[in-house]
file input_35.cif (mmCIF, C-alpha atoms and all ligand atoms)
data_protein
loop_
_atom_site.label_atom_id
_atom_site.label_comp_id
_atom_site.auth_asym_id
_atom_site.auth_seq_id
_atom_site.Cartn_x
_atom_site.Cartn_y
_atom_site.Cartn_z
CA MET Z 109 -49.19 -58.31 -293.33
CA THR Z 110 -52.76 -59.43 -293.64
CA ASP Z 111 -55.67 -57.07 -294.12
CA LEU Z 112 -57.84 -58.94 -291.63
CA PRO Z 113 -60.28 -56.59 -289.89
CA PHE Z 114 -59.19 -57.74 -286.47
CA PRO Z 115 -55.77 -57.44 -284.88
CA ARG Z 116 -53.51 -60.47 -285.19
CA PRO Z 117 -53.50 -62.24 -281.81
CA ARG Z 118 -50.16 -62.52 -280.09
CA PRO Z 119 -48.44 -65.61 -281.44
CA VAL Z 120 -47.87 -67.52 -278.26
CA GLY Z 121 -50.14 -66.95 -275.31
CA SER Z 122 -49.16 -67.56 -271.74
CA PRO Z 123 -51.93 -66.32 -269.49
CA ALA Z 124 -50.77 -64.91 -266.18
CA GLY Z 125 -50.37 -67.70 -263.68
CA ALA Z 126 -50.10 -70.46 -266.28
CA VAL Z 127 -47.64 -73.16 -265.34
CA GLY Z 128 -45.20 -74.35 -268.01
CA LEU Z 129 -45.61 -77.71 -269.72
CA PRO Z 130 -43.96 -80.36 -267.52
CA GLU Z 131 -40.88 -82.08 -268.93
CA GLY Z 132 -41.66 -85.39 -270.68
CA THR Z 133 -45.39 -84.73 -271.15
CA SER Z 134 -46.99 -87.07 -273.67
CA GLY Z 135 -50.26 -86.50 -275.51
CA LEU Z 136 -52.30 -83.33 -275.13
CA PRO Z 137 -53.15 -82.73 -271.47
CA ASP Z 138 -53.91 -79.29 -270.05
CA GLN Z 139 -53.16 -77.94 -266.61
CA PHE Z 140 -56.71 -78.76 -265.40
CA GLY Z 141 -56.53 -82.48 -266.24
CA ARG Z 142 -58.45 -82.46 -269.51
CA VAL Z 143 -56.96 -84.18 -272.56
CA ALA Z 144 -57.52 -82.93 -276.11
CA ARG Z 145 -58.66 -85.66 -278.49
CA ASP Z 146 -60.96 -83.78 -280.87
CA LEU Z 147 -59.28 -81.54 -283.47
CA ARG Z 148 -61.33 -78.95 -285.35
CA VAL Z 149 -59.61 -77.88 -288.54
CA SER Z 150 -60.73 -74.80 -290.41
CA VAL Z 151 -59.91 -75.51 -294.04
CA THR Z 152 -60.94 -72.06 -295.26
CA ASP Z 153 -62.28 -68.82 -293.78
CA ARG Z 154 -64.42 -68.12 -296.87
CA CYS Z 155 -68.15 -68.60 -296.96
CA ASN Z 156 -71.06 -68.43 -299.40
CA LEU Z 157 -73.68 -67.59 -296.75
CA ARG Z 158 -73.78 -64.60 -294.44
CA CYS Z 159 -75.47 -65.86 -291.28
CA THR Z 160 -76.35 -62.86 -289.14
CA TYR Z 161 -74.85 -64.41 -285.98
CA CYS Z 162 -71.55 -65.03 -287.78
CA MET Z 163 -70.65 -62.44 -290.43
CA PRO Z 164 -71.65 -59.01 -291.68
CA ALA Z 165 -73.67 -58.78 -294.91
CA GLU Z 166 -70.63 -57.65 -296.87
CA GLY Z 167 -68.55 -60.64 -295.74
CA LEU Z 168 -65.01 -60.35 -294.44
CA PRO Z 169 -61.64 -59.78 -296.10
CA TRP Z 170 -60.60 -63.40 -296.69
CA LEU Z 171 -57.15 -64.72 -295.90
CA PRO Z 172 -54.68 -64.29 -298.77
CA LYS Z 173 -53.82 -67.65 -300.36
CA ALA Z 174 -50.17 -67.41 -299.33
CA GLU Z 175 -51.19 -67.31 -295.68
CA MET Z 176 -53.31 -70.42 -295.90
CA LEU Z 177 -51.87 -73.84 -295.23
CA THR Z 178 -51.36 -75.87 -298.38
CA ASP Z 179 -52.90 -79.35 -298.46
CA GLU Z 180 -49.53 -80.87 -297.70
CA GLU Z 181 -48.92 -78.56 -294.74
CA LEU Z 182 -52.40 -79.10 -293.38
CA VAL Z 183 -52.19 -82.89 -293.57
CA ARG Z 184 -48.72 -82.89 -292.01
CA LEU Z 185 -50.00 -80.86 -289.05
CA VAL Z 186 -53.08 -83.06 -288.66
CA GLY Z 187 -50.72 -86.06 -288.61
CA ILE Z 188 -48.80 -84.44 -285.75
CA PHE Z 189 -52.03 -83.97 -283.78
CA VAL Z 190 -52.96 -87.60 -284.46
CA GLY Z 191 -49.52 -88.62 -283.19
CA LEU Z 192 -50.37 -86.70 -280.01
CA GLY Z 193 -53.54 -88.71 -279.44
CA VAL Z 194 -56.21 -86.89 -281.45
CA GLU Z 195 -58.91 -89.42 -282.35
CA GLN Z 196 -61.41 -87.29 -284.25
CA VAL Z 197 -60.78 -84.63 -286.88
CA ARG Z 198 -63.65 -82.31 -287.75
CA LEU Z 199 -63.29 -80.23 -290.91
CA THR Z 200 -64.98 -76.88 -290.73
CA GLY Z 201 -64.52 -73.24 -291.70
CA GLY Z 202 -65.74 -70.80 -293.08
CA GLU Z 203 -67.49 -73.15 -295.44
CA PRO Z 204 -65.31 -76.26 -295.84
CA LEU Z 205 -66.92 -77.27 -299.15
CA LEU Z 206 -65.38 -74.14 -300.70
CA ARG Z 207 -61.90 -75.68 -300.44
CA ARG Z 208 -61.54 -77.23 -303.88
CA SER Z 209 -59.18 -79.96 -302.71
CA LEU Z 210 -61.39 -81.03 -299.81
CA ALA Z 211 -61.83 -84.63 -300.99
CA GLU Z 212 -58.05 -85.03 -301.40
CA VAL Z 213 -57.51 -83.60 -297.92
CA VAL Z 214 -60.05 -86.08 -296.50
CA ARG Z 215 -58.38 -88.96 -298.33
CA ALA Z 216 -54.95 -88.01 -296.97
CA ILE Z 217 -56.26 -87.68 -293.39
CA ALA Z 218 -57.97 -91.07 -293.73
CA ALA Z 219 -54.60 -92.56 -294.66
CA LEU Z 220 -52.99 -91.45 -291.37
CA THR Z 221 -52.07 -94.07 -288.77
CA PRO Z 222 -53.94 -94.52 -286.54
CA ARG Z 223 -56.80 -93.41 -288.76
CA PRO Z 224 -58.85 -90.72 -286.99
CA ARG Z 225 -62.62 -90.51 -287.35
CA ILE Z 226 -63.33 -87.75 -289.87
CA ALA Z 227 -66.35 -85.47 -289.55
CA MET Z 228 -67.35 -82.20 -291.20
CA THR Z 229 -69.50 -79.24 -290.24
CA THR Z 230 -70.96 -77.56 -293.32
CA ASN Z 231 -73.76 -75.24 -294.32
CA GLY Z 232 -74.73 -77.92 -296.87
CA VAL Z 233 -74.66 -75.69 -299.98
CA GLY Z 234 -73.02 -77.82 -302.69
CA LEU Z 235 -73.09 -80.99 -300.58
CA ASP Z 236 -75.48 -82.59 -303.07
CA ARG Z 237 -72.63 -82.73 -305.60
CA LEU Z 238 -69.88 -83.65 -303.13
CA ALA Z 239 -71.34 -85.98 -300.49
CA ALA Z 240 -70.67 -89.24 -302.33
CA ARG Z 241 -67.12 -88.19 -303.26
CA LEU Z 242 -66.32 -87.17 -299.70
CA ALA Z 243 -67.76 -90.39 -298.27
CA ASP Z 244 -65.67 -92.35 -300.76
CA ALA Z 245 -62.58 -90.39 -299.69
CA GLY Z 246 -63.13 -91.37 -296.05
CA LEU Z 247 -65.50 -88.83 -294.51
CA ASP Z 248 -67.44 -90.62 -291.76
CA ARG Z 249 -70.01 -88.12 -290.52
CA VAL Z 250 -71.50 -84.77 -291.34
CA ASN Z 251 -73.25 -82.01 -289.41
CA VAL Z 252 -75.26 -79.67 -291.59
CA SER Z 253 -76.12 -76.26 -290.17
CA LEU Z 254 -79.75 -75.38 -290.81
CA ASP Z 255 -81.61 -72.97 -288.55
CA THR Z 256 -85.04 -72.98 -290.15
CA VAL Z 257 -86.99 -74.67 -292.97
CA ASP Z 258 -89.12 -71.60 -293.60
CA PRO Z 259 -87.75 -70.09 -296.85
CA GLU Z 260 -88.29 -66.48 -295.73
CA GLU Z 261 -86.69 -67.04 -292.34
CA PHE Z 262 -83.79 -68.86 -294.00
CA ALA Z 263 -83.19 -65.98 -296.41
CA ALA Z 264 -83.32 -63.44 -293.58
CA LEU Z 265 -80.95 -65.43 -291.35
CA THR Z 266 -78.37 -66.37 -293.97
CA ARG Z 267 -78.93 -63.41 -296.30
CA ARG Z 268 -79.02 -65.92 -299.17
CA ASP Z 269 -81.88 -67.80 -300.86
CA ARG Z 270 -80.26 -71.26 -300.70
CA LEU Z 271 -82.65 -73.36 -298.60
CA ARG Z 272 -83.29 -75.80 -301.45
CA ASP Z 273 -79.55 -76.40 -301.86
CA VAL Z 274 -79.20 -77.23 -298.17
CA GLU Z 275 -82.14 -79.64 -298.32
CA ALA Z 276 -80.58 -81.34 -301.37
CA GLY Z 277 -77.25 -81.50 -299.53
CA LEU Z 278 -78.87 -83.24 -296.57
CA GLU Z 279 -80.57 -85.77 -298.84
CA ALA Z 280 -77.28 -86.50 -300.60
CA ALA Z 281 -75.46 -86.93 -297.27
CA ALA Z 282 -78.00 -89.51 -296.13
CA ALA Z 283 -77.85 -91.28 -299.51
CA ALA Z 284 -74.04 -91.38 -299.29
CA GLY Z 285 -74.24 -93.17 -295.94
CA LEU Z 286 -72.89 -90.27 -293.85
CA ALA Z 287 -75.20 -91.38 -291.08
CA PRO Z 288 -76.52 -90.38 -288.69
CA VAL Z 289 -76.93 -87.07 -290.48
CA LYS Z 290 -76.95 -84.33 -287.88
CA VAL Z 291 -78.46 -80.88 -288.15
CA ASN Z 292 -77.11 -77.96 -286.09
CA ALA Z 293 -79.31 -74.95 -285.44
CA VAL Z 294 -78.91 -71.62 -283.67
CA ALA Z 295 -82.14 -70.08 -282.40
CA MET Z 296 -82.19 -66.34 -282.99
CA ARG Z 297 -84.65 -63.94 -281.43
CA GLY Z 298 -86.98 -62.46 -284.03
CA PHE Z 299 -85.75 -64.77 -286.80
CA ASN Z 300 -86.53 -68.41 -286.02
CA ASP Z 301 -87.19 -68.60 -282.27
CA ASP Z 302 -90.88 -69.34 -282.78
CA SER Z 303 -90.30 -72.04 -285.43
CA VAL Z 304 -87.93 -74.34 -283.52
CA ALA Z 305 -90.65 -77.01 -283.14
CA ASP Z 306 -91.30 -76.94 -286.92
CA LEU Z 307 -87.61 -77.57 -287.53
CA LEU Z 308 -87.63 -80.49 -285.10
CA GLN Z 309 -90.69 -82.02 -286.80
CA TRP Z 310 -89.02 -81.62 -290.19
CA CYS Z 311 -85.86 -83.38 -288.96
CA LEU Z 312 -87.84 -86.17 -287.27
CA ASP Z 313 -89.73 -86.80 -290.52
CA ARG Z 314 -86.45 -87.28 -292.39
CA GLY Z 315 -84.44 -89.10 -289.74
CA TYR Z 316 -81.98 -86.26 -289.12
CA GLU Z 317 -80.66 -85.73 -285.60
CA LEU Z 318 -81.23 -82.10 -284.58
CA ARG Z 319 -79.14 -80.15 -282.04
CA PHE Z 320 -79.71 -76.57 -281.00
CA ILE Z 321 -76.77 -74.49 -279.85
CA GLU Z 322 -76.91 -71.18 -278.00
CA GLN Z 323 -75.67 -68.16 -279.87
CA MET Z 324 -72.18 -67.26 -278.67
CA PRO Z 325 -70.29 -63.95 -278.73
CA LEU Z 326 -68.21 -64.90 -281.76
CA ASP Z 327 -69.73 -62.81 -284.54
CA ALA Z 328 -67.42 -60.54 -286.49
CA GLN Z 329 -69.74 -57.58 -285.84
CA HIS Z 330 -69.63 -58.01 -282.04
CA GLY Z 331 -73.41 -57.77 -281.96
CA TRP Z 332 -74.05 -60.58 -279.46
CA ASP Z 333 -76.28 -59.58 -276.57
CA ALA Z 334 -76.82 -61.78 -273.51
CA GLY Z 335 -80.20 -60.16 -272.99
CA THR Z 336 -81.64 -61.21 -276.33
CA MET Z 337 -79.88 -64.58 -276.70
CA VAL Z 338 -82.36 -67.46 -276.92
CA THR Z 339 -81.30 -69.75 -274.08
CA ALA Z 340 -81.28 -73.54 -274.11
CA ASP Z 341 -84.05 -73.47 -271.48
CA GLU Z 342 -86.20 -71.35 -273.74
CA VAL Z 343 -85.65 -73.68 -276.71
CA ARG Z 344 -86.62 -76.61 -274.51
CA LEU Z 345 -89.82 -74.88 -273.32
CA ARG Z 346 -90.77 -74.03 -276.89
CA LEU Z 347 -90.21 -77.63 -278.03
CA GLU Z 348 -92.17 -78.96 -275.07
CA LYS Z 349 -95.25 -77.09 -276.25
CA ARG Z 350 -95.44 -79.67 -279.07
CA PHE Z 351 -93.33 -82.66 -277.99
CA THR Z 352 -92.67 -84.67 -274.85
CA LEU Z 353 -88.96 -84.47 -274.10
CA THR Z 354 -87.34 -87.02 -271.76
CA GLU Z 355 -83.83 -86.13 -270.67
CA LEU Z 356 -81.20 -88.83 -271.25
CA PRO Z 357 -78.79 -89.41 -268.34
CA ALA Z 358 -75.79 -87.07 -268.23
CA GLU Z 359 -73.36 -90.02 -268.09
CA ASP Z 360 -74.31 -90.85 -271.70
CA ARG Z 361 -72.96 -87.45 -272.60
CA GLY Z 362 -69.18 -87.82 -272.03
CA SER Z 363 -67.41 -84.81 -273.49
CA ALA Z 364 -70.33 -84.21 -275.86
CA PRO Z 365 -71.81 -80.84 -275.02
CA ALA Z 366 -75.46 -81.51 -275.92
CA GLU Z 367 -78.08 -82.36 -273.35
CA ARG Z 368 -80.06 -85.01 -275.20
CA PHE Z 369 -83.74 -85.74 -274.96
CA LEU Z 370 -85.88 -88.58 -276.28
CA VAL Z 371 -88.66 -87.07 -278.37
CA ASP Z 372 -92.14 -88.46 -277.63
CA GLY Z 373 -90.63 -91.56 -276.01
CA GLY Z 374 -87.96 -92.07 -278.69
CA PRO Z 375 -86.12 -93.58 -280.34
CA GLN Z 376 -85.38 -90.22 -282.00
CA THR Z 377 -83.62 -87.56 -279.96
CA VAL Z 378 -82.97 -83.84 -279.92
CA GLY Z 379 -79.90 -82.15 -278.44
CA ILE Z 380 -79.78 -78.74 -276.79
CA ILE Z 381 -76.36 -77.24 -276.16
CA ALA Z 382 -76.25 -74.63 -273.41
CA SER Z 383 -72.74 -73.50 -274.32
CA VAL Z 384 -73.25 -70.08 -272.74
CA SER Z 385 -75.81 -70.57 -269.97
CA LYS Z 386 -74.42 -73.93 -268.73
CA PRO Z 387 -70.88 -74.22 -270.07
CA PHE Z 388 -69.35 -77.68 -270.51
CA CYS Z 389 -65.74 -76.45 -270.38
CA GLN Z 390 -64.78 -78.92 -267.64
CA ALA Z 391 -65.35 -81.80 -270.10
CA CYS Z 392 -64.00 -80.09 -273.23
CA ASP Z 393 -61.58 -82.20 -275.27
CA ARG Z 394 -61.24 -79.87 -278.26
CA VAL Z 395 -58.30 -78.13 -279.86
CA ARG Z 396 -58.40 -76.07 -283.02
CA LEU Z 397 -56.23 -75.44 -286.07
CA THR Z 398 -57.03 -72.40 -288.21
CA ALA Z 399 -56.74 -72.24 -292.00
CA ASP Z 400 -53.61 -70.09 -291.59
CA GLY Z 401 -51.90 -72.58 -289.32
CA GLN Z 402 -52.54 -71.23 -285.83
CA VAL Z 403 -53.35 -73.65 -283.05
CA ARG Z 404 -55.96 -72.47 -280.53
CA ASN Z 405 -56.87 -74.18 -277.29
CA CYS Z 406 -60.37 -72.65 -277.11
CA LEU Z 407 -62.89 -70.79 -279.26
CA PHE Z 408 -62.67 -67.97 -276.73
CA SER Z 409 -58.92 -67.90 -276.34
CA ARG Z 410 -57.30 -64.47 -276.71
CA ALA Z 411 -54.02 -66.04 -277.83
CA GLU Z 412 -52.87 -68.72 -280.22
CA THR Z 413 -49.66 -70.44 -281.29
CA ASP Z 414 -48.28 -70.03 -284.78
CA LEU Z 415 -47.36 -73.34 -286.40
CA ARG Z 416 -47.16 -72.09 -289.98
CA THR Z 417 -44.02 -69.98 -289.57
CA PRO Z 418 -41.91 -72.66 -287.86
CA LEU Z 419 -43.29 -75.27 -290.28
CA ARG Z 420 -42.22 -73.17 -293.29
CA ASP Z 421 -38.89 -72.47 -291.57
CA GLY Z 422 -38.12 -76.19 -291.43
CA ALA Z 423 -39.20 -77.20 -287.90
CA SER Z 424 -39.26 -80.93 -287.20
CA ASP Z 425 -42.42 -82.83 -286.31
CA ALA Z 426 -41.15 -83.07 -282.72
CA GLU Z 427 -40.68 -79.30 -282.51
CA LEU Z 428 -44.15 -78.65 -283.91
CA ALA Z 429 -45.64 -81.24 -281.53
CA GLY Z 430 -44.00 -79.40 -278.62
CA LEU Z 431 -45.64 -76.13 -279.72
CA VAL Z 432 -49.03 -77.86 -279.91
CA GLN Z 433 -48.57 -79.36 -276.45
CA GLY Z 434 -47.64 -75.97 -274.99
CA GLU Z 435 -50.74 -74.34 -276.46
CA VAL Z 436 -53.05 -77.05 -275.14
CA TRP Z 437 -51.40 -77.00 -271.72
CA ARG Z 438 -52.25 -73.29 -271.35
CA LYS Z 439 -55.98 -73.80 -271.95
CA ALA Z 440 -58.05 -71.75 -269.52
CA ARG Z 441 -60.43 -73.41 -267.08
CA GLY Z 442 -63.53 -71.90 -268.74
CA HIS Z 443 -64.66 -69.48 -271.43
CA GLY Z 444 -65.63 -66.81 -268.91
CA ILE Z 445 -68.62 -65.45 -270.87
CA GLY Z 446 -70.67 -63.38 -268.45
CA GLU Z 447 -67.75 -62.81 -266.08
CA PRO Z 448 -66.64 -59.20 -265.55
CA GLY Z 449 -63.30 -59.54 -267.39
CA PHE Z 450 -64.68 -61.34 -270.45
CA VAL Z 451 -63.46 -59.97 -273.75
CA GLN Z 452 -64.66 -61.43 -277.05
CA PRO Z 453 -61.80 -62.98 -279.04
CA ASP Z 454 -60.38 -60.99 -281.93
CA ARG Z 455 -61.00 -63.76 -284.43
CA PRO Z 456 -64.63 -64.39 -285.38
CA MET Z 457 -66.09 -67.92 -285.47
CA SER Z 458 -65.75 -68.17 -289.27
CA SER Z 459 -62.01 -67.62 -289.02
CA ILE Z 460 -61.42 -69.89 -286.02
CA GLY Z 461 -63.53 -72.77 -287.31
CA GLY Z 462 -66.75 -73.54 -285.46
N1 LIG U 501 -69.97 -72.87 -292.55
C1 LIG U 501 -70.11 -74.09 -291.84
C2 LIG U 501 -71.45 -74.16 -291.15
O1 LIG U 501 -72.13 -73.16 -291.05
O2 LIG U 501 -71.79 -75.25 -290.69
C3 LIG U 501 -69.02 -74.36 -290.85
C4 LIG U 501 -68.52 -73.20 -290.05
S1 LIG U 501 -69.69 -72.49 -288.93
C5 LIG U 501 -68.73 -71.23 -288.20
C6 LIG U 501 -69.82 -73.78 -287.74
C7 LIG U 501 -71.00 -73.72 -286.83
O3 LIG U 501 -70.88 -72.58 -286.04
C8 LIG U 501 -72.35 -73.63 -287.53
O4 LIG U 501 -73.17 -74.67 -287.05
C9 LIG U 501 -72.87 -72.29 -287.12
O5 LIG U 501 -74.26 -72.28 -286.98
C10 LIG U 501 -72.17 -72.07 -285.82
N2 LIG U 501 -72.02 -70.67 -285.43
C11 LIG U 501 -71.53 -69.65 -286.15
N3 LIG U 501 -71.55 -68.50 -285.44
C12 LIG U 501 -72.07 -68.83 -284.24
C13 LIG U 501 -72.35 -68.10 -283.05
N4 LIG U 501 -72.10 -66.80 -282.96
N5 LIG U 501 -72.88 -68.76 -282.00
C14 LIG U 501 -73.14 -70.09 -282.07
N6 LIG U 501 -72.88 -70.83 -283.16
C15 LIG U 501 -72.37 -70.20 -284.23
FE1 LIG U 502 -70.86 -69.22 -293.24
FE2 LIG U 502 -71.11 -71.12 -291.40
FE3 LIG U 502 -70.71 -68.53 -290.70
FE4 LIG U 502 -73.03 -69.22 -291.74
S1 LIG U 502 -72.18 -69.97 -289.81
S2 LIG U 502 -71.80 -67.42 -292.34
S3 LIG U 502 -72.48 -70.77 -293.15
S4 LIG U 502 -69.29 -69.84 -291.75
#
call {"tool": "encode", "arguments": {"input": "input_35.cif", "output": "structure tokens", "more": "lines below"}}
Ligand code: SAM
Ligand code: SF4
result
Amino acid sequence: MTDLPFPRPRPVGSPAGAVGLPEGTSGLPDQFGRVARDLRVSVTDRCNLRCTYCMPAEGLPWLPKAEMLTDEELVRLVGIFVGLGVEQVRLTGGEPLLRRSLAEVVRAIAALTPRPRIAMTTNGVGLDRLAARLADAGLDRVNVSLDTVDPEEFAALTRRDRLRDVEAGLEAAAAAGLAPVKVNAVAMRGFNDDSVADLLQWCLDRGYELRFIEQMPLDAQHGWDAGTMVTADEVRLRLEKRFTLTELPAEDRGSAPAERFLVDGGPQTVGIIASVSKPFCQACDRVRLTADGQVRNCLFSRAETDLRTPLRDGASDAELAGLVQGEVWRKARGHGIGEPGFVQPDRPMSSIGG
């Protein structure tokens, strides 16, 4: 048994009313007509920061090594997803750079046929040393999470004094050709909500593409509060005090969740993701694999399907593919935040993979 602070979700979820996967299904459709093509893989649940909207100050009890997928297991499962039509693999965590074998994992994923696009979401600490190696191994793109460039705000938000490391990581990513370098930010009331325009100016000056995302109820402490969440509309209003934002047409958006705006006539843009206040679930093409080998059809799912046990028990690729298809098929229509029956998932963001 694990000593995780949250109860283990039931292994295979079948929400009431879900229809079974039709015989002969190919690829990764769900019962509402969406098709999963974007796989988010959490390569570790560990982290070296303690962002207030994600983890408590003391951290979390990390997964024991034996419960984590080995490199070989992880790459085999990613290959099965690719065989089912996944076109993009995003490595995340926890902090993905903390997996020592990350470059080898990237190289092995890049050798899959057909080769998926490979992206990574990272807090950027240590990226200065690793960016070139990861790019050489086959990493195509990187999103670096950075909520503020004010050192005091950064230290308060992440509970660590590592702003310089993140800046160096961003510079190294750009130098390694991981372009366009994207920056992800969460606006938090009382921390960085009044410095969002400074962050945009800083990113514009360096050619980084900034996207704000609304804080979601996925923190381990269950401290999220709809009343204090900084909404996408509020971020936009705050940015518009300094910049002219021109909305790009929604058809340019596809399954991408960000509303994008030209800044001061362009060509640079800023994205604002209203994941809570204006959900984009109807266009979602994501599926997730956790570091301990559970496949999840949604960040907010209350169930998941265990791949690690059957994999270690000798299941064939076809059997594992069938389990993945079943999990994706059961994906709910929407995340339901704000609806009366909404219950925050047991796993926090850092353990699911954001
Ligand atoms: N450690 C890496 C990082 O921070 O980029 C990867 C994992 S982190 C969980 C992935 C993304 O999720 C980050 O951009 C982070 O800001 C975001 N995130 C974490 N908790 C969140 C929350 N409660 N609401 C919205 N975004 C959150
Ligand atoms: Fe770590 Fe990323 Fe969570 Fe921050 S958001 S605590 S960097 S996993």
call {"tool": "atom_distance", "arguments": {"input": "input_35.cif", "atom1": "atom C5 of ligand LIG 501 (chain U)", "atom2": "atom CA of Gly202 of chain Z"}}
result
5.7 Å
call {"tool": "residues_near_ligand", "arguments": {"input": "input_35.cif", "ligand": "ligand LIG 501 (chain U)", "cutoff": "8 Å", "atoms": "only C-alpha atoms and all ligand atoms", "output": "PyMOL selection string"}}
result
chain Z and resi 150+155+157+159+161-163+200-204+229-232+251-255+292-294+321-327+332+457-462
call {"tool": "atom_distance", "arguments": {"input": "input_35.cif", "atom1": "atom CA of Gly315 of chain Z", "atom2": "atom CA of Asp236 of chain Z"}}
result
17.3 Å
call {"tool": "residues_near_point", "arguments": {"input": "input_35.cif", "point": "(-82.3, -69.9, -298.0)", "cutoff": "12 Å", "atoms": "all atoms listed in the file", "output": "ChimeraX atom specification"}}
result
/Z:156-159,231-233,253-275
call {"tool": "closest_residue", "arguments": {"input": "input_35.cif", "among": "Z:Leu431, Z:Val378, Z:Cys392, Z:Leu206", "to": "ligand LIG 502 (chain U)", "atoms": "all atoms listed in the file"}}
result
Z:Leu206
call {"tool": "closest_residue", "arguments": {"input": "input_35.cif", "among": "Z:Arg319, Z:Arg416, Z:Arg237, Z:Lys439", "to": "Leu397 of chain Z", "atoms": "only C-alpha atoms"}}
result
Z:Arg416
call {"tool": "closest_residue", "arguments": {"input": "input_35.cif", "among": "Z:Arg145, Z:Leu205, Z:Gly135, Z:Phe369", "to": "ligand LIG 502 (chain U)", "atoms": "all atoms listed in the file"}}
result
Z:Leu205
call {"tool": "build_atoms", "arguments": {"input": "input_35.cif", "residues": "segment 418-433 of chain Z", "atoms": "N, CA and C atoms", "output": "PDB file, keeping the file's coordinate frame"}}
result
ATOM      1  N   PRO Z 418     -42.955 -71.656-288.095  1.00  0.00           N
ATOM      2  CA  PRO Z 418     -41.910 -72.660-287.860  1.00  0.00           C
ATOM      3  C   PRO Z 418     -41.964 -73.802-288.881  1.00  0.00           C
ATOM      4  N   LEU Z 419     -43.172 -74.181-289.285  1.00  0.00           N
ATOM      5  CA  LEU Z 419     -43.290 -75.270-290.280  1.00  0.00           C
ATOM      6  C   LEU Z 419     -42.593 -74.859-291.574  1.00  0.00           C
ATOM      7  N   ARG Z 420     -42.838 -73.623-292.025  1.00  0.00           N
ATOM      8  CA  ARG Z 420     -42.220 -73.170-293.290  1.00  0.00           C
ATOM      9  C   ARG Z 420     -40.734 -72.886-293.101  1.00  0.00           C
ATOM     10  N   ASP Z 421     -40.315 -72.697-291.837  1.00  0.00           N
ATOM     11  CA  ASP Z 421     -38.890 -72.470-291.570  1.00  0.00           C
ATOM     12  C   ASP Z 421     -38.138 -73.783-291.342  1.00  0.00           C
ATOM     13  N   GLY Z 422     -38.824 -74.909-291.495  1.00  0.00           N
ATOM     14  CA  GLY Z 422     -38.120 -76.190-291.430  1.00  0.00           C
ATOM     15  C   GLY Z 422     -38.181 -76.900-290.091  1.00  0.00           C
ATOM     16  N   ALA Z 423     -39.115 -76.531-289.212  1.00  0.00           N
ATOM     17  CA  ALA Z 423     -39.200 -77.200-287.900  1.00  0.00           C
ATOM     18  C   ALA Z 423     -39.492 -78.695-288.096  1.00  0.00           C
ATOM     19  N   SER Z 424     -39.003 -79.485-287.149  1.00  0.00           N
ATOM     20  CA  SER Z 424     -39.260 -80.930-287.200  1.00  0.00           C
ATOM     21  C   SER Z 424     -40.649 -81.219-286.640  1.00  0.00           C
ATOM     22  N   ASP Z 425     -41.126 -82.440-286.874  1.00  0.00           N
ATOM     23  CA  ASP Z 425     -42.420 -82.830-286.310  1.00  0.00           C
ATOM     24  C   ASP Z 425     -42.384 -82.722-284.786  1.00  0.00           C
ATOM     25  N   ALA Z 426     -41.252 -83.110-284.193  1.00  0.00           N
ATOM     26  CA  ALA Z 426     -41.150 -83.070-282.720  1.00  0.00           C
ATOM     27  C   ALA Z 426     -41.240 -81.631-282.227  1.00  0.00           C
ATOM     28  N   GLU Z 427     -40.618 -80.709-282.930  1.00  0.00           N
ATOM     29  CA  GLU Z 427     -40.680 -79.300-282.510  1.00  0.00           C
ATOM     30  C   GLU Z 427     -42.115 -78.760-282.634  1.00  0.00           C
ATOM     31  N   LEU Z 428     -42.772 -79.114-283.729  1.00  0.00           N
ATOM     32  CA  LEU Z 428     -44.150 -78.650-283.910  1.00  0.00           C
ATOM     33  C   LEU Z 428     -45.065 -79.282-282.861  1.00  0.00           C
ATOM     34  N   ALA Z 429     -44.832 -80.554-282.565  1.00  0.00           N
ATOM     35  CA  ALA Z 429     -45.640 -81.240-281.530  1.00  0.00           C
ATOM     36  C   ALA Z 429     -45.463 -80.541-280.189  1.00  0.00           C
ATOM     37  N   GLY Z 430     -44.251 -80.112-279.885  1.00  0.00           N
ATOM     38  CA  GLY Z 430     -44.000 -79.400-278.620  1.00  0.00           C
ATOM     39  C   GLY Z 430     -44.781 -78.089-278.560  1.00  0.00           C
ATOM     40  N   LEU Z 431     -44.871 -77.384-279.686  1.00  0.00           N
ATOM     41  CA  LEU Z 431     -45.640 -76.130-279.720  1.00  0.00           C
ATOM     42  C   LEU Z 431     -47.124 -76.408-279.482  1.00  0.00           C
ATOM     43  N   VAL Z 432     -47.623 -77.495-280.092  1.00  0.00           N
ATOM     44  CA  VAL Z 432     -49.030 -77.860-279.910  1.00  0.00           C
ATOM     45  C   VAL Z 432     -49.284 -78.200-278.439  1.00  0.00           C
ATOM     46  N   GLN Z 433     -48.393 -78.970-277.856  1.00  0.00           N
ATOM     47  CA  GLN Z 433     -48.570 -79.360-276.450  1.00  0.00           C
ATOM     48  C   GLN Z 433     -48.582 -78.136-275.538  1.00  0.00           C
TER      49      GLN Z 433
END
